[in-house]
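The file run23.pdb contains PDB, C-alpha atoms:
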ATOM      1  CA  MET A   1     -21.393  -8.689  16.290
ATOM      2  CA  ALA A   2     -24.005 -11.448  15.884
ATOM      3  CA  GLU A   3     -22.422 -13.381  18.743
ATOM      4  CA  THR A   4     -22.611 -10.305  20.968
ATOM      5  CA  ILE A   5     -26.308  -9.890  20.201
ATOM      6  CA  ASP A   6     -26.939 -13.580  20.904
ATOM      7  CA  LEU A   7     -25.201 -13.273  24.269
ATOM      8  CA  ALA A   8     -27.183 -10.152  25.114
ATOM      9  CA  VAL A   9     -30.459 -11.888  24.231
ATOM     10  CA  GLU A  10     -29.529 -14.832  26.444
ATOM     11  CA  PHE A  11     -28.683 -12.485  29.303
ATOM     12  CA  VAL A  12     -32.077 -10.786  28.966
ATOM     13  CA  ARG A  13     -33.764 -14.187  29.030
ATOM     14  CA  ARG A  14     -31.972 -15.190  32.218
ATOM     15  CA  GLN A  15     -31.854 -11.825  34.022
ATOM     16  CA  PRO A  16     -34.547  -9.530  32.540
ATOM     17  CA  ARG A  17     -34.736  -7.218  35.558
ATOM     18  CA  ALA A  18     -30.997  -6.657  35.739
ATOM     19  CA  ALA A  19     -30.843  -6.140  31.972
ATOM     20  CA  ALA A  20     -33.685  -3.592  32.111
ATOM     21  CA  ARG A  21     -31.956  -1.678  34.893
ATOM     22  CA  ALA A  22     -28.697  -1.639  32.983
ATOM     23  CA  LEU A  23     -30.364  -0.543  29.742
ATOM     24  CA  GLU A  24     -32.085   2.367  31.461
ATOM     25  CA  ARG A  25     -28.608   3.852  31.982
ATOM     26  CA  GLN A  26     -27.597   3.532  28.329
ATOM     27  CA  PRO A  27     -28.082   6.183  25.612
ATOM     28  CA  ALA A  28     -31.599   6.014  24.214
ATOM     29  CA  SER A  29     -30.338   5.597  20.638
ATOM     30  CA  VAL A  30     -28.323   2.515  21.598
ATOM     31  CA  VAL A  31     -31.255   0.887  23.359
ATOM     32  CA  ALA A  32     -33.663   1.698  20.523
ATOM     33  CA  ALA A  33     -31.273   0.089  18.041
ATOM     34  CA  PHE A  34     -31.013  -2.995  20.233
ATOM     35  CA  LEU A  35     -34.805  -3.266  20.553
ATOM     36  CA  GLY A  36     -35.091  -3.006  16.791
ATOM     37  CA  ILE A  37     -32.942  -6.048  16.054
ATOM     38  CA  VAL A  38     -33.661  -8.504  18.868
ATOM     39  CA  PRO A  39     -36.603 -10.952  18.924
ATOM     40  CA  ALA A  40     -39.951  -9.472  19.931
ATOM     41  CA  THR A  41     -40.042 -11.587  23.090
ATOM     42  CA  THR A  42     -36.702 -10.145  24.222
ATOM     43  CA  ALA A  43     -37.872  -6.574  23.676
ATOM     44  CA  ARG A  44     -41.127  -7.370  25.486
ATOM     45  CA  ASP A  45     -39.311  -8.823  28.500
ATOM     46  CA  LEU A  46     -37.206  -5.673  28.774
ATOM     47  CA  LEU A  47     -39.935  -3.051  28.345
ATOM     48  CA  SER A  48     -42.385  -4.858  30.619
ATOM     49  CA  ARG A  49     -39.891  -4.415  33.459
ATOM     50  CA  MET A  50     -39.409  -0.687  32.917
ATOM     51  CA  LEU A  51     -41.612   2.161  34.047
ATOM     52  CA  PRO A  52     -43.487   3.704  31.100
ATOM     53  CA  ARG A  53     -41.592   6.991  31.268
ATOM     54  CA  ASP A  54     -38.328   5.078  30.921
ATOM     55  CA  ALA A  55     -39.603   2.854  28.121
ATOM     56  CA  VAL A  56     -40.914   5.808  26.123
ATOM     57  CA  ARG A  57     -37.387   7.195  25.637
ATOM     58  CA  PHE A  58     -36.571   4.134  23.564
ATOM     59  CA  VAL A  59     -39.883   3.395  21.843
ATOM     60  CA  GLU A  60     -40.206   6.895  20.394
ATOM     61  CA  LEU A  61     -36.956   6.369  18.475
ATOM     62  CA  LEU A  62     -38.244   3.235  16.725
ATOM     63  CA  ASP A  63     -39.965   3.440  13.360
ATOM     64  CA  ALA A  64     -43.746   3.087  13.598
ATOM     65  CA  GLU A  65     -43.810  -0.512  12.316
ATOM     66  CA  ASN A  66     -41.293  -1.764  14.871
ATOM     67  CA  ALA A  67     -42.925   0.233  17.656
ATOM     68  CA  ALA A  68     -46.359  -1.195  16.835
ATOM     69  CA  ALA A  69     -44.975  -4.734  16.685
ATOM     70  CA  LEU A  70     -43.471  -4.208  20.122
ATOM     71  CA  VAL A  71     -46.571  -2.663  21.720
ATOM     72  CA  ARG A  72     -48.616  -5.573  20.374
ATOM     73  CA  THR A  73     -46.569  -8.047  22.439
ATOM     74  CA  LEU A  74     -47.159  -6.228  25.738
ATOM     75  CA  GLU A  75     -50.015  -6.591  28.184
ATOM     76  CA  PRO A  76     -52.760  -4.099  27.221
ATOM     77  CA  GLY A  77     -52.220  -1.937  30.294
ATOM     78  CA  ALA A  78     -48.470  -1.805  29.771
ATOM     79  CA  GLY A  79     -48.830  -0.993  26.084
ATOM     80  CA  ALA A  80     -51.367   1.759  26.732
ATOM     81  CA  ALA A  81     -49.185   3.225  29.486
ATOM     82  CA  ILE A  82     -46.305   3.627  27.030
ATOM     83  CA  LEU A  83     -48.584   5.069  24.345
ATOM     84  CA  ARG A  84     -49.938   7.588  26.858
ATOM     85  CA  HIS A  85     -46.500   9.145  27.287
ATOM     86  CA  LEU A  86     -45.671   9.348  23.578
ATOM     87  CA  PRO A  87     -46.190  12.512  21.504
ATOM     88  CA  GLU A  88     -49.614  12.520  19.891
ATOM     89  CA  THR A  89     -48.335  12.111  16.327
ATOM     90  CA  ILE A  90     -46.176   9.111  17.203
ATOM     91  CA  ARG A  91     -48.984   7.568  19.259
ATOM     92  CA  GLY A  92     -51.404   7.915  16.366
ATOM     93  CA  ASN A  93     -48.978   6.302  13.909
ATOM     94  CA  ILE A  94     -48.500   3.327  16.216
ATOM     95  CA  LEU A  95     -52.214   2.901  16.946
ATOM     96  CA  GLY A  96     -52.935   2.922  13.236
ATOM     97  CA  ARG A  97     -50.646  -0.077  12.740
ATOM     98  CA  LEU A  98     -51.976  -2.214  15.575
ATOM     99  CA  PRO A  99     -54.489  -5.032  15.030
ATOM    100  CA  THR A 100     -58.026  -3.725  15.453
ATOM    101  CA  ARG A 101     -58.670  -5.507  18.751
ATOM    102  CA  VAL A 102     -55.404  -4.301  20.294
ATOM    103  CA  ALA A 103     -55.945  -0.739  19.055
ATOM    104  CA  VAL A 104     -59.496  -0.605  20.436
ATOM    105  CA  THR A 105     -58.304  -1.936  23.797
ATOM    106  CA  CYS A 106     -55.506   0.628  23.998
ATOM    107  CA  ARG A 107     -57.854   3.470  23.045
ATOM    108  CA  LEU A 108     -60.243   2.365  25.794
ATOM    109  CA  LEU A 109     -57.476   2.500  28.381
ATOM    110  CA  LEU A 110     -56.249   5.853  27.113
ATOM    111  CA  ARG A 111     -59.651   7.348  27.933
ATOM    112  CA  TYR A 112     -58.825   7.047  31.627
ATOM    113  CA  SER A 113     -56.612   9.553  33.402
ATOM    114  CA  GLU A 114     -53.114   8.303  34.153
ATOM    115  CA  GLY A 115     -53.613   8.147  37.905
ATOM    116  CA  THR A 116     -56.758   6.009  37.781
ATOM    117  CA  VAL A 117     -57.321   2.281  38.105
ATOM    118  CA  GLY A 118     -58.886   2.088  34.646
ATOM    119  CA  ALA A 119     -55.724   3.341  32.964
ATOM    120  CA  TRP A 120     -53.759   0.366  34.282
ATOM    121  CA  MET A 121     -56.287  -2.461  34.381
ATOM    122  CA  ASN A 122     -56.263  -5.442  32.033
ATOM    123  CA  PRO A 123     -59.534  -5.209  30.069
ATOM    124  CA  CYS A 124     -58.840  -8.659  28.607
ATOM    125  CA  ALA A 125     -58.834 -10.426  31.984
ATOM    126  CA  LEU A 126     -60.241 -13.959  31.803
ATOM    127  CA  THR A 127     -63.951 -14.288  32.540
ATOM    128  CA  LEU A 128     -66.481 -17.118  32.537
ATOM    129  CA  PRO A 129     -70.314 -17.035  32.579
ATOM    130  CA  ASP A 130     -71.871 -18.365  35.770
ATOM    131  CA  ASP A 131     -74.290 -20.777  34.075
ATOM    132  CA  ILE A 132     -71.862 -23.180  32.365
ATOM    133  CA  THR A 133     -70.468 -26.511  33.504
ATOM    134  CA  VAL A 134     -66.938 -27.275  34.624
ATOM    135  CA  GLU A 135     -66.382 -29.133  31.348
ATOM    136  CA  ASP A 136     -67.412 -26.086  29.325
ATOM    137  CA  ALA A 137     -65.275 -23.818  31.490
ATOM    138  CA  LEU A 138     -62.153 -25.927  31.015
ATOM    139  CA  ASP A 139     -62.767 -26.064  27.283
ATOM    140  CA  ARG A 140     -62.925 -22.266  27.148
ATOM    141  CA  LEU A 141     -59.732 -21.932  29.170
ATOM    142  CA  ARG A 142     -57.930 -24.336  26.842
ATOM    143  CA  ARG A 143     -58.951 -22.208  23.878
ATOM    144  CA  GLU A 144     -57.503 -19.211  25.700
ATOM    145  CA  GLU A 145     -54.271 -21.226  26.103
ATOM    146  CA  THR A 146     -54.225 -20.536  29.830
ATOM    147  CA  THR A 147     -51.193 -22.218  31.389
ATOM    148  CA  GLU A 148     -50.937 -20.578  34.804
ATOM    149  CA  ALA A 149     -52.834 -21.532  37.928
ATOM    150  CA  GLY A 150     -54.928 -18.742  39.350
ATOM    151  CA  THR A 151     -58.464 -17.443  39.509
ATOM    152  CA  VAL A 152     -61.015 -16.520  36.869
ATOM    153  CA  ASN A 153     -63.746 -13.930  37.271
ATOM    154  CA  VAL A 154     -67.274 -15.295  36.959
ATOM    155  CA  LEU A 155     -69.970 -13.008  35.519
ATOM    156  CA  ASP A 156     -73.700 -13.233  35.032
ATOM    157  CA  ARG A 157     -75.139 -12.735  31.576
ATOM    158  CA  ALA A 158     -75.583  -9.018  32.262
ATOM    159  CA  GLY A 159     -71.817  -8.698  32.754
ATOM    160  CA  ARG A 160     -71.932  -8.210  36.521
ATOM    161  CA  LEU A 161     -69.279  -9.857  38.707
ATOM    162  CA  ARG A 162     -70.728 -12.748  40.687
ATOM    163  CA  GLY A 163     -67.633 -14.477  42.013
ATOM    164  CA  VAL A 164     -64.232 -15.963  41.282
ATOM    165  CA  VAL A 165     -63.271 -19.564  40.713
ATOM    166  CA  ASP A 166     -59.865 -21.195  41.147
ATOM    167  CA  ILE A 167     -58.561 -22.963  38.046
ATOM    168  CA  LEU A 168     -57.226 -25.765  40.246
ATOM    169  CA  ASP A 169     -60.727 -26.270  41.660
ATOM    170  CA  LEU A 170     -62.072 -26.569  38.121
ATOM    171  CA  LEU A 171     -59.464 -29.196  37.289
ATOM    172  CA  ARG A 172     -60.401 -31.256  40.352
ATOM    173  CA  ALA A 173     -64.181 -30.956  40.038
ATOM    174  CA  ASP A 174     -66.733 -33.175  38.331
ATOM    175  CA  ASP A 175     -67.209 -32.078  34.725
ATOM    176  CA  THR A 176     -70.983 -31.890  35.089
ATOM    177  CA  LEU A 177     -71.001 -29.399  37.972
ATOM    178  CA  ARG A 178     -72.063 -25.816  37.367
ATOM    179  CA  ILE A 179     -69.161 -23.476  38.083
ATOM    180  CA  ALA A 180     -71.464 -21.357  40.246
ATOM    181  CA  VAL A 181     -71.176 -24.159  42.823
ATOM    182  CA  LEU A 182     -67.401 -23.750  42.945
ATOM    183  CA  MET A 183     -67.075 -19.992  42.858
ATOM    184  CA  ARG A 184     -66.429 -17.925  45.954
ATOM    185  CA  THR A 185     -67.110 -14.338  46.936
ATOM    186  CA  PRO A 186     -64.979 -11.914  44.916
ATOM    187  CA  GLN A 187     -62.965  -9.011  46.267
ATOM    188  CA  ASP A 188     -64.820  -5.732  46.455
ATOM    189  CA  ALA A 189     -64.741  -4.189  42.995
ATOM    190  CA  VAL A 190     -63.683  -0.600  42.365
ATOM    191  CA  ARG A 191     -64.701   1.817  39.643
ATOM    192  CA  GLY A 192     -62.399   2.393  36.723
ATOM    193  CA  ARG A 193     -62.301   6.109  37.596
ATOM    194  CA  ALA A 194     -61.051   5.415  41.127
ATOM    195  CA  THR A 195     -57.610   6.834  41.848
ATOM    196  CA  LEU A 196     -54.648   4.538  42.420
ATOM    197  CA  ASP A 197     -54.078   6.154  45.823
ATOM    198  CA  ALA A 198     -57.560   5.049  46.857
ATOM    199  CA  VAL A 199     -56.731   1.355  46.442
ATOM    200  CA  ILE A 200     -53.308   1.228  48.101
ATOM    201  CA  ASP A 201     -54.735  -0.695  51.054
ATOM    202  CA  HIS A 202     -57.268  -2.763  49.139
ATOM    203  CA  PRO A 203     -57.639  -6.288  50.640
ATOM    204  CA  ALA A 204     -57.033  -7.831  47.202
ATOM    205  CA  TRP A 205     -53.309  -7.155  47.559
ATOM    206  CA  SER A 206     -52.974  -8.987  50.878
ATOM    207  CA  GLU A 207     -54.946 -11.918  49.449
ATOM    208  CA  GLY A 208     -52.691 -12.096  46.400
ATOM    209  CA  GLU A 209     -55.609 -11.584  44.008
ATOM    210  CA  ASP A 210     -56.384  -9.215  41.171
ATOM    211  CA  LEU A 211     -58.583  -6.214  41.827
ATOM    212  CA  PRO A 212     -61.870  -6.388  39.856
ATOM    213  CA  VAL A 213     -62.843  -3.166  38.091
ATOM    214  CA  THR A 214     -66.362  -2.085  37.117
ATOM    215  CA  ASP A 215     -68.008   0.757  35.253
ATOM    216  CA  ARG A 216     -70.674   3.117  36.573
ATOM    217  CA  ALA A 217     -73.379   0.525  35.897
ATOM    218  CA  GLY A 218     -71.537  -2.073  37.976
ATOM    219  CA  LYS A 219     -70.479  -4.164  34.985
ATOM    220  CA  PHE A 220     -67.102  -5.867  34.979
ATOM    221  CA  ILE A 221     -64.647  -4.107  32.639
ATOM    222  CA  GLY A 222     -61.295  -5.551  33.708
ATOM    223  CA  ALA A 223     -58.901  -6.385  36.521
ATOM    224  CA  LEU A 224     -55.843  -4.744  38.008
ATOM    225  CA  GLY A 225     -53.010  -7.042  39.059
ATOM    226  CA  TYR A 226     -50.637  -6.159  41.866
ATOM    227  CA  ALA A 227     -47.563  -6.167  39.619
ATOM    228  CA  GLN A 228     -49.195  -3.617  37.318
ATOM    229  CA  PHE A 229     -50.365  -1.608  40.328
ATOM    230  CA  ARG A 230     -46.797  -1.441  41.645
ATOM    231  CA  LYS A 231     -45.596  -0.212  38.282
ATOM    232  CA  ALA A 232     -48.374   2.358  38.150
ATOM    233  CA  MET A 233     -47.360   3.694  41.535
ATOM    234  CA  GLY A 234     -43.742   3.886  40.404
ATOM    235  CA  MET A 235     -42.452   1.487  43.050
ATOM    236  CA  SER A 236     -39.204  -0.361  42.524
ATOM    237  CA  GLU A 237     -39.010  -4.113  42.965
ATOM    238  CA  ARG A 238     -37.159  -3.598  46.226
ATOM    239  CA  GLU A 239     -39.721  -1.156  47.632
ATOM    240  CA  ALA A 240     -42.699  -3.227  46.598
ATOM    241  CA  SER A 241     -41.593  -6.657  47.707
ATOM    242  CA  GLY A 242     -39.317  -5.810  50.611
ATOM    243  CA  VAL A 243     -36.803  -8.288  49.259
ATOM    244  CA  GLU A 244     -33.199  -7.240  49.819
ATOM    245  CA  ILE A 245     -31.156  -7.128  46.642
ATOM    246  CA  VAL A 246     -27.443  -7.568  47.103
ATOM    247  CA  ASP A 247     -25.823  -4.554  45.458
ATOM    248  CA  SER A 248     -22.707  -6.446  44.471
ATOM    249  CA  LEU A 249     -24.784  -8.942  42.452
ATOM    250  CA  VAL A 250     -26.585  -6.126  40.705
ATOM    251  CA  GLN A 251     -23.256  -4.519  39.850
ATOM    252  CA  ILE A 252     -21.987  -7.809  38.453
ATOM    253  CA  SER A 253     -25.102  -8.145  36.294
ATOM    254  CA  GLU A 254     -24.785  -4.603  35.002
ATOM    255  CA  SER A 255     -21.076  -5.057  34.313
ATOM    256  CA  TYR A 256     -21.925  -8.196  32.367
ATOM    257  CA  TRP A 257     -24.423  -6.230  30.321
ATOM    258  CA  ARG A 258     -21.850  -3.534  29.557
ATOM    259  CA  TRP A 259     -19.449  -6.222  28.403
ATOM    260  CA  LEU A 260     -22.132  -7.597  26.090
ATOM    261  CA  SER A 261     -22.624  -4.105  24.696
ATOM    262  CA  VAL A 262     -19.148  -3.836  23.191
ATOM    263  CA  GLY A 263     -20.836  -3.166  19.845
ATOM    264  CA  THR A 264     -22.246   0.160  21.045
ATOM    265  CA  GLU A 265     -20.968   2.165  18.087
ATOM    266  CA  THR A 266     -22.447  -0.324  15.641
ATOM    267  CA  LEU A 267     -25.785  -0.217  17.441
ATOM    268  CA  CYS A 268     -25.762   3.582  17.339
ATOM    269  CA  ALA A 269     -25.226   3.366  13.589
ATOM    270  CA  LEU A 270     -28.141   0.945  13.315
ATOM    271  CA  ALA A 271     -30.373   3.453  15.062
ATOM    272  CA  THR A 272     -29.820   5.935  12.237
ATOM    273  CA  GLU A 273     -30.543   3.466   9.444
ATOM    274  CA  THR A 274     -33.731   3.709   7.450
ATOM    275  CA  PRO A 275     -36.425   1.061   8.042
ATOM    276  CA  ALA A 276     -35.688  -0.414   4.579
ATOM    277  CA  LYS A 277     -32.017  -0.895   5.389
ATOM    278  CA  ARG A 278     -32.847  -2.386   8.760
ATOM    279  CA  ARG A 279     -35.241  -4.898   7.201
ATOM    280  CA  GLY A 280     -32.556  -5.810   4.687
ATOM    281  CA  ARG A 281     -30.121  -6.484   7.518
ATOM    282  CA  ARG A 282     -32.586  -8.873   9.170
ATOM    283  CA  ARG A 283     -32.742 -10.944   6.008
TER     284      ARG A 283
END

Show the structure stored in the file as structure tokens.
Amino acid sequence: MAETIDLAVEFVRRQPRAAARALERQPASVVAAFLGIVPATTARDLLSRMLPRDAVRFVELLDAENAAALVRTLEPGAGAAILRHLPETIRGNILGRLPTRVAVTCRLLLRYSEGTVGAWMNPCALTLPDDITVEDALDRLRREETTEAGTVNVLDRAGRLRGVVDILDLLRADDTLRIAVLMRTPQDAVRGRATLDAVIDHPAWSEGEDLPVTDRAGKFIGALGYAQFRKAMGMSEREASGVEIVDSLVQISESYWRWLSVGTETLCALATETPAKRRGRRR
């Protein structure tokens, strides 16, 4: 059984999209049991590639501790989207077990209606003040453990968006320069209450950049990435990217997953175990 789980975890690591698609077709109790015994990173990789309404079927079967541990690993928008679709009692139990910062962030996002930009934005998007040097900026980014190239939103001290700066430009620039010299004009921001339909043709998508989001006072409150926007609109990977997926390869991947799931009956039994028994099994 342990070897089967190890193989399944490896498959998720290598083919998370195919694994997510295959799991969506499995009984919810089986998937919930699997999510309860695999590493948090494996569960995160699976749920982050599912639409919230699909993910909820599995999360609501987890005990509150496991569900909270899983939500904590997700991007704030993705975690809040799952919480939004859970029954109120389950949602409250999970929120009560999240770290304070994560819980506050999720509650903020839950204030927005499901079909709005604010409900799906990342309120923890990286920002830098416009009056610091390149050296200071890089030091802040290191503390954030930023490893990906991209852009960072630049704000004035009143929290208003002034521009964006490329991380690569920061790495190439003289340490003594003010980052305001390097920043460029940002994409037009939208209000958090704007509908998703209203930003379908926003120029940020064609430029490959995140969409800045502001409140009624014009202050920056987060950013919406295109991947999260696609998920919010319920688009599949094929529809969103236009990339042709060879059906035979998908079938092979899903067949492989079914082969890895030969322990289905055992997993179903795990799903009915009490949290205490499940913790004992992990030891």

task: Identify, on the basis of only C-alpha atoms, every residue whose closest approach to A:Pro123 does not exceed 9 Å; exclude the query and any residue fewer than 3 positions from it along the same chain; express the result as a PyMOL selection string.
output: chain A and resi 76-77+105+108-109+118+126+213+221-224

Could you give me, as a PDB file with C-alpha atoms, in the coordinates of the input, the residues within 8 Å of stretch 25-28 of chain A, counting all atoms listed in the file and dropping anything in the same chain fewer than 4 positions from it?
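Produced file around_16.pdb, reproduced below:
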ATOM      1  CA  ARG A  21     -31.956  -1.678  34.893  1.00  0.00           C
ATOM      2  CA  ALA A  32     -33.663   1.698  20.523  1.00  0.00           C
ATOM      3  CA  ARG A  57     -37.387   7.195  25.637  1.00  0.00           C
ATOM      4  CA  PHE A  58     -36.571   4.134  23.564  1.00  0.00           C
ATOM      5  CA  LEU A  61     -36.956   6.369  18.475  1.00  0.00           C
TER       6      LEU A  61
END

Is it possible to get the axis-aligned box enclosing stretch 160-177 of chain A (all listed atoms, 8 Å extra per side) as lines of an AutoDock Vina configuration file, with centre and edge lengths in Å rounded to one decimal?
center_x = -64.6
center_y = -20.7
center_z = 38.4
size_x = 30.7
size_y = 41.0
size_z = 23.3

Q: Evaluate the PyMOL selection byres ((chain A and resi 80-95) around 6) and record the selected residues as a PyMOL selection string, following the chain and residue labels used in the document.
A: chain A and resi 52+56+64+68+77-79+96-98+103+106

What is the atom CA of A:Leu182-atom CA of A:Glu145 distance in Å, reported with one decimal?
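So the answer is 21.5 Å.
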
Could you give me stretch 76-88 of chain A completed to N, CA and C atoms, formatted as a compact mmCIF listing (two decimals), keeping the file's coordinate frame?
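So rebuild11.txt came out as:
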# COMPACT_ATOMS: atom_id res chain seq x y z
N PRO A 76 -52.06 -5.31 27.65
CA PRO A 76 -52.76 -4.10 27.22
C PRO A 76 -52.48 -2.88 28.09
N GLY A 77 -52.48 -3.07 29.41
CA GLY A 77 -52.22 -1.94 30.29
C GLY A 77 -50.83 -1.37 30.12
N ALA A 78 -49.85 -2.25 29.95
CA ALA A 78 -48.47 -1.80 29.77
C ALA A 78 -48.30 -1.09 28.44
N GLY A 79 -48.92 -1.64 27.39
CA GLY A 79 -48.83 -0.99 26.08
C GLY A 79 -49.48 0.37 26.08
N ALA A 80 -50.67 0.48 26.68
CA ALA A 80 -51.37 1.76 26.73
C ALA A 80 -50.60 2.78 27.57
N ALA A 81 -49.95 2.31 28.63
CA ALA A 81 -49.18 3.22 29.49
C ALA A 81 -48.04 3.86 28.71
N ILE A 82 -47.38 3.07 27.86
CA ILE A 82 -46.30 3.63 27.03
C ILE A 82 -46.88 4.60 26.00
N LEU A 83 -47.97 4.20 25.35
CA LEU A 83 -48.58 5.07 24.34
C LEU A 83 -49.00 6.41 24.95
N ARG A 84 -49.46 6.37 26.19
CA ARG A 84 -49.94 7.59 26.86
C ARG A 84 -48.84 8.65 26.95
N HIS A 85 -47.60 8.21 27.08
CA HIS A 85 -46.50 9.14 27.29
C HIS A 85 -45.81 9.55 25.99
N LEU A 86 -46.26 9.00 24.86
CA LEU A 86 -45.67 9.35 23.58
C LEU A 86 -46.31 10.62 23.01
N PRO A 87 -45.57 11.37 22.20
CA PRO A 87 -46.19 12.51 21.50
C PRO A 87 -47.37 12.05 20.68
N GLU A 88 -48.35 12.91 20.52
CA GLU A 88 -49.61 12.52 19.89
C GLU A 88 -49.42 11.97 18.48
